[in-house]
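Enquirer: I have a structure I would like to understand better, so I am pasting it below and will then ask my questions one at a time.
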Amino acid sequence: MPQGISVAAARWLQTGKSVLTLSLSIALAITGSGAWLNPPARAEIVKVGYGSEDLPALSEADQARLDALQSVRIPLLLSNVSPDGKTVVVATTGRINSEDWQVQFLDLTTGELSDSIALGSEVLSPDLPIQWVNNDVLRFVQQGFLGPWEIVTINRKTQIVSHTSVYPTETEEGEILGMAPDFSKFVIRVFEEAEDVVYMVFLPSLDRVEVARLPEGFSIQPPSWSADGDQVVLVTSAKEERDLYERTPFSPNFGDPVVQDALGRLSPDENLFRQRNEVRVFDFTQEQPLQFELKATDGNGDAFANAAFSPDGKTLMVKMYKPSHPEGREHPTYVFPSTAYYRFYDLQGNLLNTLEDASLSGPFESQGKFIDNQRVLFLATVGLNRPFFVYDLAAQTLQPLSLPPGTADLESWQATPNGQTLIYTFSSVTQPPELFTLSLEGSGSPQQLTSLNQAVAEANRVQAQEVSFSTRNGPRQGILIQPAGQAFPPKAAPIVFWQQGGPGFSMVNEFAVEVEMPLNLLPNFGVAVLSVPLSGREGFGPEFYQLQADGQNFGQADILEGVDIVSQLVGNGWTTARQVGVTGCSYGGYYASQMIARFPNTFAASNPQCSLLDTLVEWQLGYSSLLSYLAGTTPMEDPTLYQQMSPLYNAQRIRTPTMLFHGSDDFLNIDVVRNFHDVIAANDTSVMLYEFEGMGHSLHDLGYQRIAAQLQVNFFRRHLSGQPR
């Protein structure tokens with residue numbers, strides 16, 4: 001289950017800066033050194049709310065370092081590069097405090113950021129990238145406060161702004177799907193009773209031409225354009241694919257096509273996700289704009305994910321999905337693909353070549369953009385890192401760019417107009433996020449462009465080593481993040497085993513200071529973190545990625561891999577049984593909870609956060625399709641399996657000291673977590689539930705994060721000391 005949301009999206013969820021308090025039903029006495037004079041009760045539900053003073057739990061020096069680390073900012077590229085190659089529009093936002101949103105110009109020659117009143121007041125939620133009309137004028141499309149879409153133009157020299165509203169005057173309802181890069185036309189979808197109609201609207205005449213009809217159950221992706229807007233490609237698919245990640249499906253029942261697809265019970269001939277998957281290519285310089293159509297039903301069984309044009313509109317790149325076919329399923333599933341690859345077509349629909357490479361095979365974290373008419377820049381998760389690759393269409397060669405270990409941001413990268421330089425956001429556990437430049441000519445090393453987080457870098461005192469372990473399912477690679485200066489390999493050191501939300505999302509080397517992802521949090525306060533992607537993660541190939549869905553592996557395969565890894569940590573003397581903990585949020589919280597329920601003696605302490613605990617409830621009210629895919633069955637057919645997969649129904653076995661974090665407004669219901677807490681408490685096992693009032697799925701609030709970080713550090717320091725309790 002997805003752990004959280006993008007920093008941009010998180011910004012819009014903020015309701016205002018808040019002062020944080022703990023409303024305790026018990027009295028706690030805290031010393032400045034971080035030791036509890038009066039330990040908390042063995043079992044208690046503590047509401048963390050608003051309205052009183054902060055409750056410190058660390059020394060002043062530790063709090064100062066925590067504040068420095070949590071001030072980290074992320075730079076995001078919002079525009080393409082100006083025609084002269086000198087300027088981009090950049091947003092900077094707090095990784096935690098994402099309401100602190102600033103939009104500025106970045107001088108690529110000096111790395112200097114400059115404010116603009118117009119940018120700060122006008123750039124709210126634009127379709128990206130913002131386009132440069134010339135070196136002084138910016139233009140973008142966004143939905144206005146009152147509903148209509150607007151074309152916004154800003155002159156950065158004069159600071160004059162214009163708005164052109166776009167909306168139908170007839171009794172029509174619909175949505176804008178996308179605007180051409182040259183703002184000569186846009187695509188709208190008009191909602192109708194029988195079937196929706198998709199129109200191309202031309203500017204400035206506002207004439208429109210029908211380009212598609214969408215029967216009920218159809219969805220359409222945002223259009224992709226050539227540089228001059230003359231060529232456009234539309235990709236359609238079944239509507240359920242768009243609705244997949246809605247918490248409450250429109251028809252949460254066994255007969256849903258999305259559930260049946262996930263279970264592998266629809267033959268390809270009757271599977272609407274294949275039947276309704278099409279690509280339509282238009283050239284509006286021609287008398288008959290529709291040039292060709294591609295239909296999944298005419299192909300080899302693979303699906304169309306999305307498409308992009310070369311700048312001159314002569315070459316079309318289509319991302320393809322191979323459906324997964326988990327062990328024990330009769331048919332493949334199209335909603336949950338296992339592999340990605342790419343095809344290239346000319347404007348007559350002729351297949352030019354196919355690019356299949358293991359480095360680009362991750363279905364969701366592999367993407368490409370044309371640098372020019374002959375080169376495509378790819379970004380993909382590979383193992384523990386997310387690097388770039390350049391593909392030469394003529395030579396049909398794929399070359400990696402020279403990056404250090406770490407992670408480039410999936411949504412923040414652009415090439416200069418001459419195709420010679422890449423600008424991108426990058427971070428690692430030893431490198432706070434900054435913008436970098438890199439030559440695309442195959443020479444040189446990355447050059448840091450910004451210094452947003454210099455104070456964060458000075459406060460960050462960690463080291464990282466890549467490590468490997470053997471498990472019953474094969475080798476597993478990971479990163480051990482330790483306090484700076486600690487011996488490697490460690491000896492009898494406290495180590496927290498961490499798992500990401502998901503499953504499916506990658507676990508890469510990136511800078512992170514949240515309690516949900518404490519890669520840089522705990523090691524800065526004396527507790528190492530071990531991050532090892534286990535089965536079900538992207539970046540290690542389709543078999544690794546699909547393993548959780550094979551047979552009845554969900555809730556078992558990666559759990560057993562973790563047991564193998566912890567056994568080796570202890571066996572090799574890196575830690576002891578009294579010094580190893582586990583934490584994570586969302587699926588990571590599920591992992592921590594399932595681990596201590598199934599293997600009560602493996603960990604000395606556990607900190608599950610925003611956790612999935614009841615798969616029966618989740619199937620009925622949440623991600624029924626994803627659970628169906630992972631389990632291979634439904635709770636109506638096999639309730640016993642769903643009980644076994646649910647930490648809640650095995651909580652009576654838990655003997656591990658546990659600290660739970662959960663938001664009162666989390667879509668994973670807080671009442672389930674309270675019951676989980678109460679069952680653990682009935683075991684005479686130490687358990688605390690911190691219920692963060694007003695918070696949803698994870699803590700998108702700087703004040704709450706500050707308190708939670710102190711609680712987490714204090715908890716693991718106490719419980720992983722190695723001393724008998």
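Residue numbering restarts at 1 for every chain of the structure tokens, chains are lettered A, B, ... in their displayed order, and ligands are numbered from 1 as they appear.
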Would you please extract all strand (DSSP E or B) residues from region 211-344 of chain A, as assigned by DSSP on the backbone, and give them as a PyMOL selection string?
Expert: chain A and resi 211-215+218-220+224-225+231-238+278-283+290-295+303-309+315-324+333-344
Enquirer: Which residues are close to Gln142 (chain A), i.e. within 8 Å by only C-alpha atoms, leaving aside same-chain residues fewer than 3 positions away? Reply as a PyMOL selection string.
Expert: chain A and resi 124-127+149-152
Enquirer: Give the answer as one residue: which of A:Gly562, A:Asp638, A:Arg655, A:Leu76 has the shortest atom-to-atom distance to Ser606 (chain A), using only C-alpha atoms?
Expert: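 The closest residue to Ser606 (chain A) is A:Arg655.
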Enquirer: Can you work out the spacing between CA of Val527 (chain A) and CA of Leu660 (chain A) in Å, to one decimal?
Expert: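 Separation between CA of Val527 (chain A) and CA of Leu660 (chain A): 18.6 Å.
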Enquirer: Would you please work out which residue, of A:Gln463, A:Gln291, A:Ser402, A:Gln579, is nearest to Gln447 (chain A) when using only C-alpha atoms?
Expert: A:Ser402
Enquirer: I'd like the contact shell of Ala307 (chain A) - 8 Å cut-off, only C-alpha atoms, skipping same-chain residues fewer than 5 positions apart - returned as a PyMOL selection string.
Expert: chain A and resi 224+233-235+316-319
